[in-house]
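A.B. asks: The structure is given below, and queries will be raised subsequently.
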Amino acid sequence: MINVTLKSGDAKSFEKGTSLIEMAKAISEGLARVILAGEVDGVVYGLDYAPETDCTVNFLTFDDEEGKKVYRHTTSHILAQAVKRLYPETKLAIGPAIDDGFYYDFDFETPITNADLEKLEAEMKKIIKEDLKLERFELPRTDALKLMEEKDETYKVELINDLPEDAIISFYKQGDFVDLCAGPHLLSTGKIKAIKLQYTAGAYWRGNENNKMLTRIYGTAFPKKAELDEYLERLEEAKKRDHNKLGRELEIFTTVDSIGQGLPILLPKGAKIIQILQRFVEDHEDKNGWVRTKTPYMAKSDLYKISGHWDHYQDGMFVMGDEEKDKEVFALRPMTCPFQYQAYLNRMRSYRDLPLRYGETSTLFRNEASGEMHGLIRVRQFTISEGHLMCRPDQLEDEFKKCLEMAIYMLKTLGLYEDVSYRFSQWDPEDKEKYIGTEEQWNEAQDTMKKILDHLELPYKIGIGEAAFYGPKLDIQIKNVFGKEDTLITIQIDQMLAEKFGMEYIDKDGSKKNPYIIHRTSIGCYERTLALLIEKYAGAFPAWLAPTQVKILSISDNYLDYADGVFAKLKDAGFRVEMDDRSEKIGYKIREAQLEKIPYMIIAGEKEMNEGTVSVRSRKQGNLGAMSVEDFIKLLSEEVENKVI
């Protein structure tokens, strides 16, 4: 017998060889109908798995993230089987579950389009109806290669060749279809209930632009049609808010092929919003003890060799020159830290000088892969509120907390805080070549950061391999309207680069010591923040952020002089105001201002001129009635000063 402890804490005894599904049935028939997989001592297995020793079992449903992955990964195999049935010459690549769905990459002989997805979806529904059993089997590497070579699956062969010689390799079979896969999966195709293939896209094999471009088919799956319909409805709403679409329609930014991918042009509205954000951030940082630096956009390779970027980040940099041919090779900066360190090194520092906080609105350049670029979310040139803080060990936790508090204040003020999560990004001890420093240094840095995060009672998940090459970091993560997660703000602890750059301070006892360094952003990348704000507010920005706060609409040319006087008063009060003096009907002007998402409209006509008032129309509240210009200025001033969202 084996003893099984359930998530509830209950303990049960079962014969050896009892499968997870049999255990579930013994515990609750109702539960057995909805569970999708089992987590045994922290590892996820299919329901056909049978533990041989005492263990802890957590049964997974669609409410669990790992349960969703098993469900959708199984659906990706159904898609692959459907493709092989309809397009037998197609080569299979990979097909994982992802947030909100799955994808599978294929090498089609004849390219397919979105129009072909209906045929594939119909074939998938046939496979689901057939209720094919998914059976796992394992082969030694040699036999696995032979099987995939016989099926002429070149991409699977490449994957197997990357595995160790003594590897035992798993496959899953459903009917006459076999796929290389680690699993786990559902017990049969019939367990899938509601599916939708969404669109196709290009994807380089293994994400390398030097490899062949494959066809990636995206889809999703849910246990109930109602849940699928609700998701698709949310997706349609998300498309309306997509900054890549809305930002262009509202003339916030554009892109030009002759300039290049990932190099957006901020139009006057977008440039104004960035200016507002930048002034807001810099003013707040200045109040909190940050001092400004202004450093070059490029440097010789010598600087990057000291910092480690040359060895660990060169592929992500724009390099000018060839070390074998040129005396001096330059590169555009991918981050500001090695530049700001030179300000610290300008003279010897005392323990009394610390903490020393350097802030800079930095334009950075990163050579992102062409397939990674997306609107303003991921670009090759961007501007960031970057800062580096040098402090003593006894100051580290307090300064880290202040950096975090400032980031939270920024996010709350912008209305983005409710959408964030935290990730403690650590190094990968299995891939030490990616990092500088010793294992002891990394363990010390991560232990220090863990103590700080735990002491602050911050809820976080751990991201192995997500650390910077020089230290662990706290990533503040945020999702766009489509559910894709990106990093918005980072706060990093670094105890290695100070030593590499010879940064020291004279301590109380007269000894020289290296300071701790906190790398941080307070609002992150301005372009990415702008994209998220467009999506958050669907382009209808709060009045304090809106590029145009007020539009004055004259009812006819007879009242232009009065409207001009109102315009001048608002301009003198510091508001961003525009005049619509066209000879158009007032209803048309109001509709256009609504479409432009202007927070306030002021209507100037005969009644307003005679009474010395203005008729105010709010984007949110509709008609606010007549009031004096002074009262309107007071109303809008309070909204802007309080940064009402």
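All residue names refer to the structure tokens as shown: chains lettered A, B, ... in order, residues numbered from 1 in each chain, ligands numbered from 1 in order.
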Mind checking which residues fall within 10 Å of A:Asn114, counting only C-alpha atoms, ignoring those fewer than 3 positions away in the same chain, and posting them as a list in words?
C.D. replies: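 Final neighbour list, sorted by chain and number: Leu117, Glu118, Leu197, Gln198, Tyr199, Thr200, Ala201 and Ile217 of chain A.
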A.B. asks: For stretch 82-96 of chain A, list every protein, DNA or RNA residue within 7 Å, evaluated using only C-alpha atoms, and leave out those in the same chain fewer than 4 positions away; present the list as a list in words.
C.D. replies: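 Contacts, in chain order: His73, Ser76, Ile78, Phe102, Tyr103, Tyr104, Asp105, Phe106, Asp107, Phe108, Glu109, Leu120, Glu123, Met124, Glu153, Tyr155 and Lys156 of chain A.
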A.B. asks: Could you save the residues just selected, with all heavy atoms, as a short mmCIF file (atom, residue, chain, number, x, y, z; two decimals), in the first residue's frame?
C.D. replies:
data_model
loop_
_atom_site.label_atom_id
_atom_site.label_comp_id
_atom_site.auth_asym_id
_atom_site.auth_seq_id
_atom_site.Cartn_x
_atom_site.Cartn_y
_atom_site.Cartn_z
N HIS A 73 -2.52 21.99 -24.13
CA HIS A 73 -1.44 21.26 -24.80
C HIS A 73 -2.01 20.06 -25.54
O HIS A 73 -1.60 19.75 -26.67
CB HIS A 73 -0.41 20.81 -23.76
CG HIS A 73 0.84 20.27 -24.37
ND1 HIS A 73 1.86 19.72 -23.61
CD2 HIS A 73 1.26 20.16 -25.65
CE1 HIS A 73 2.83 19.31 -24.42
NE2 HIS A 73 2.48 19.57 -25.66
N SER A 76 -3.42 21.25 -28.73
CA SER A 76 -2.41 21.52 -29.76
C SER A 76 -2.04 20.23 -30.50
O SER A 76 -1.76 20.26 -31.71
CB SER A 76 -1.16 22.17 -29.15
OG SER A 76 -0.35 21.23 -28.47
N ILE A 78 -4.14 17.78 -31.01
CA ILE A 78 -5.29 17.54 -31.89
C ILE A 78 -5.16 18.38 -33.16
O ILE A 78 -5.45 17.91 -34.27
CB ILE A 78 -6.61 17.84 -31.15
CG1 ILE A 78 -6.79 16.84 -29.99
CG2 ILE A 78 -7.80 17.80 -32.09
CD1 ILE A 78 -7.94 17.19 -29.06
N PHE A 102 -2.98 28.13 -27.05
CA PHE A 102 -1.87 27.28 -27.50
C PHE A 102 -1.48 27.72 -28.91
O PHE A 102 -2.18 28.51 -29.56
CB PHE A 102 -2.30 25.80 -27.54
CG PHE A 102 -3.44 25.53 -28.48
CD1 PHE A 102 -3.21 25.20 -29.83
CD2 PHE A 102 -4.77 25.60 -28.06
CE1 PHE A 102 -4.26 24.97 -30.70
CE2 PHE A 102 -5.82 25.37 -28.93
CZ PHE A 102 -5.57 25.05 -30.25
N TYR A 103 -0.33 27.23 -29.36
CA TYR A 103 0.02 27.37 -30.77
C TYR A 103 0.78 26.14 -31.21
O TYR A 103 1.23 25.34 -30.39
CB TYR A 103 0.82 28.64 -31.05
CG TYR A 103 2.24 28.68 -30.52
CD1 TYR A 103 3.27 27.97 -31.15
CD2 TYR A 103 2.58 29.44 -29.41
CE1 TYR A 103 4.57 28.00 -30.68
CE2 TYR A 103 3.88 29.48 -28.92
CZ TYR A 103 4.87 28.77 -29.57
OH TYR A 103 6.16 28.79 -29.10
N TYR A 104 0.88 25.97 -32.50
CA TYR A 104 1.73 24.91 -33.06
C TYR A 104 2.39 25.48 -34.31
O TYR A 104 1.75 26.15 -35.11
CB TYR A 104 0.91 23.66 -33.42
CG TYR A 104 1.71 22.37 -33.33
CD1 TYR A 104 1.41 21.40 -32.38
CD2 TYR A 104 2.79 22.13 -34.20
CE1 TYR A 104 2.16 20.22 -32.28
CE2 TYR A 104 3.54 20.96 -34.10
CZ TYR A 104 3.22 20.01 -33.14
OH TYR A 104 3.96 18.86 -33.05
N ASP A 105 3.70 25.21 -34.45
CA ASP A 105 4.47 25.67 -35.61
C ASP A 105 4.58 24.56 -36.64
O ASP A 105 4.94 23.42 -36.29
CB ASP A 105 5.88 26.11 -35.19
CG ASP A 105 5.86 27.39 -34.37
OD1 ASP A 105 4.82 28.08 -34.38
OD2 ASP A 105 6.88 27.70 -33.72
N PHE A 106 4.31 24.90 -37.89
CA PHE A 106 4.33 23.93 -38.99
C PHE A 106 5.15 24.45 -40.16
O PHE A 106 5.23 25.65 -40.39
CB PHE A 106 2.90 23.65 -39.50
CG PHE A 106 1.95 23.15 -38.45
CD1 PHE A 106 1.08 24.03 -37.81
CD2 PHE A 106 1.91 21.81 -38.12
CE1 PHE A 106 0.19 23.57 -36.85
CE2 PHE A 106 1.02 21.34 -37.16
CZ PHE A 106 0.16 22.22 -36.52
N ASP A 107 5.72 23.51 -40.91
CA ASP A 107 6.38 23.83 -42.17
C ASP A 107 5.51 23.25 -43.29
O ASP A 107 5.60 22.07 -43.63
CB ASP A 107 7.79 23.21 -42.18
CG ASP A 107 8.60 23.65 -43.40
OD1 ASP A 107 8.04 24.36 -44.26
OD2 ASP A 107 9.79 23.27 -43.48
N PHE A 108 4.63 24.10 -43.84
CA PHE A 108 3.72 23.68 -44.90
C PHE A 108 4.42 23.73 -46.26
O PHE A 108 5.20 24.66 -46.51
CB PHE A 108 2.49 24.60 -44.95
CG PHE A 108 1.52 24.41 -43.83
CD1 PHE A 108 1.58 25.20 -42.68
CD2 PHE A 108 0.53 23.44 -43.90
CE1 PHE A 108 0.67 25.03 -41.65
CE2 PHE A 108 -0.38 23.26 -42.88
CZ PHE A 108 -0.31 24.05 -41.74
N GLU A 109 4.13 22.77 -47.13
CA GLU A 109 4.64 22.84 -48.50
C GLU A 109 3.99 23.99 -49.25
O GLU A 109 4.65 24.73 -49.96
CB GLU A 109 4.37 21.51 -49.24
CG GLU A 109 5.38 20.43 -48.93
CD GLU A 109 5.37 19.32 -49.97
OE1 GLU A 109 4.39 19.24 -50.76
OE2 GLU A 109 6.33 18.54 -50.00
N LEU A 120 -9.46 23.20 -40.82
CA LEU A 120 -8.70 22.54 -39.77
C LEU A 120 -9.52 22.40 -38.49
O LEU A 120 -9.48 21.38 -37.81
CB LEU A 120 -7.42 23.34 -39.48
CG LEU A 120 -6.27 23.13 -40.47
CD1 LEU A 120 -5.17 24.15 -40.24
CD2 LEU A 120 -5.72 21.71 -40.35
N GLU A 123 -11.88 19.55 -38.81
CA GLU A 123 -11.19 18.26 -38.68
C GLU A 123 -10.86 17.99 -37.21
O GLU A 123 -10.93 16.84 -36.75
CB GLU A 123 -9.92 18.26 -39.53
CG GLU A 123 -9.27 16.90 -39.69
CD GLU A 123 -10.17 15.90 -40.41
OE1 GLU A 123 -10.92 16.30 -41.32
OE2 GLU A 123 -10.11 14.69 -40.06
N MET A 124 -10.48 19.04 -36.47
CA MET A 124 -10.21 18.87 -35.05
C MET A 124 -11.45 18.37 -34.31
O MET A 124 -11.36 17.51 -33.42
CB MET A 124 -9.74 20.20 -34.44
CG MET A 124 -8.35 20.62 -34.86
SD MET A 124 -7.91 22.27 -34.21
CE MET A 124 -7.75 21.92 -32.46
N GLU A 153 10.18 13.62 -40.13
CA GLU A 153 9.93 14.80 -39.30
C GLU A 153 11.27 15.44 -38.93
O GLU A 153 11.84 15.20 -37.87
CB GLU A 153 9.14 14.41 -38.04
CG GLU A 153 7.72 13.93 -38.31
CD GLU A 153 6.80 15.05 -38.81
OE1 GLU A 153 7.25 16.22 -38.86
OE2 GLU A 153 5.65 14.75 -39.16
N TYR A 155 12.28 18.43 -38.10
CA TYR A 155 12.42 19.31 -36.92
C TYR A 155 12.44 18.50 -35.63
O TYR A 155 13.18 18.83 -34.69
CB TYR A 155 11.26 20.33 -36.89
CG TYR A 155 11.29 21.25 -38.08
CD1 TYR A 155 10.45 21.01 -39.18
CD2 TYR A 155 12.16 22.33 -38.14
CE1 TYR A 155 10.47 21.84 -40.29
CE2 TYR A 155 12.19 23.17 -39.25
CZ TYR A 155 11.34 22.92 -40.33
OH TYR A 155 11.38 23.74 -41.43
N LYS A 156 11.67 17.43 -35.58
CA LYS A 156 11.70 16.55 -34.41
C LYS A 156 13.06 15.85 -34.30
O LYS A 156 13.60 15.68 -33.20
CB LYS A 156 10.59 15.49 -34.50
CG LYS A 156 9.18 16.05 -34.66
CD LYS A 156 8.72 16.80 -33.44
CE LYS A 156 7.27 17.25 -33.59
NZ LYS A 156 6.79 18.01 -32.42
#
A.B. asks: Using only C-alpha atoms, find each residue in stretch 129-231 of chain A having at least one atom no more than 12 Å away from stretch 372-388 of chain A; report its shortest atom-to-atom pair and that distance in Å (one decimal), rows by chain then rising number, as a tab-separated table.
C.D. replies:
residue	atom	partner	partner_atom	distance
A:Gly202	CA	A:Glu372	CA	11.3
A:Ala203	CA	A:Glu372	CA	9.9
A:Tyr204	CA	A:Glu372	CA	10.8
A:Gly207	CA	A:Glu372	CA	9.2
A:Asn208	CA	A:Glu372	CA	10.8
A:Glu209	CA	A:Glu372	CA	10.5
A.B. asks: Output N, CA and C atoms for every residue in the selection just made, as a PDB file, in the first residue's frame.
C.D. replies:
ATOM      1  N   GLY A 202       3.802  34.251 -38.821  1.00  0.00           N
ATOM      2  CA  GLY A 202       5.114  33.701 -39.133  1.00  0.00           C
ATOM      3  C   GLY A 202       5.949  33.569 -37.876  1.00  0.00           C
ATOM      4  N   ALA A 203       6.758  32.540 -37.799  1.00  0.00           N
ATOM      5  CA  ALA A 203       7.632  32.336 -36.637  1.00  0.00           C
ATOM      6  C   ALA A 203       8.888  31.607 -37.096  1.00  0.00           C
ATOM      7  N   TYR A 204      10.044  32.177 -36.794  1.00  0.00           N
ATOM      8  CA  TYR A 204      11.297  31.509 -37.146  1.00  0.00           C
ATOM      9  C   TYR A 204      11.478  30.262 -36.289  1.00  0.00           C
ATOM     10  N   GLY A 207      13.044  30.531 -32.930  1.00  0.00           N
ATOM     11  CA  GLY A 207      13.136  31.960 -32.665  1.00  0.00           C
ATOM     12  C   GLY A 207      14.352  32.633 -33.254  1.00  0.00           C
ATOM     13  N   ASN A 208      15.051  31.939 -34.136  1.00  0.00           N
ATOM     14  CA  ASN A 208      16.284  32.470 -34.730  1.00  0.00           C
ATOM     15  C   ASN A 208      15.991  32.951 -36.146  1.00  0.00           C
ATOM     16  N   GLU A 209      16.199  34.240 -36.401  1.00  0.00           N
ATOM     17  CA  GLU A 209      15.852  34.803 -37.706  1.00  0.00           C
ATOM     18  C   GLU A 209      16.732  34.273 -38.836  1.00  0.00           C
TER      19      GLU A 209
END
A.B. asks: From the list A:His309, A:Arg279, A:Lys325, A:Lys212, which residue is nearest A:Leu497 when using only C-alpha atoms?
C.D. replies: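 Looking at the shortest contact to A:Leu497, the residue is A:His309.
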A.B. asks: Would you work out the distance separating atom CA of A:Val566 from atom CA of A:Val629, expressed in Å to one decimal?
C.D. replies: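 Going from atom CA of A:Val566 over to atom CA of A:Val629, I get 7.1 Å.
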A.B. asks: Find the residues around A:Tyr559 up to 8 Å (only C-alpha atoms counted), leave out those fewer than 2 positions away in its own chain, and share them as a list of chain:residue names.
C.D. replies: A:Ser554, A:Ile555, A:Ser556, A:Asp557, A:Asp561, A:Tyr562, A:Ala563, A:Ala604, A:Gly605, A:Glu606, A:Met609
A.B. asks: Measuring between only C-alpha atoms, which one of A:Arg141, A:Lys151, A:Ala543, A:Asn3 shows the shortest distance to A:Pro164?
C.D. replies: A:Arg141
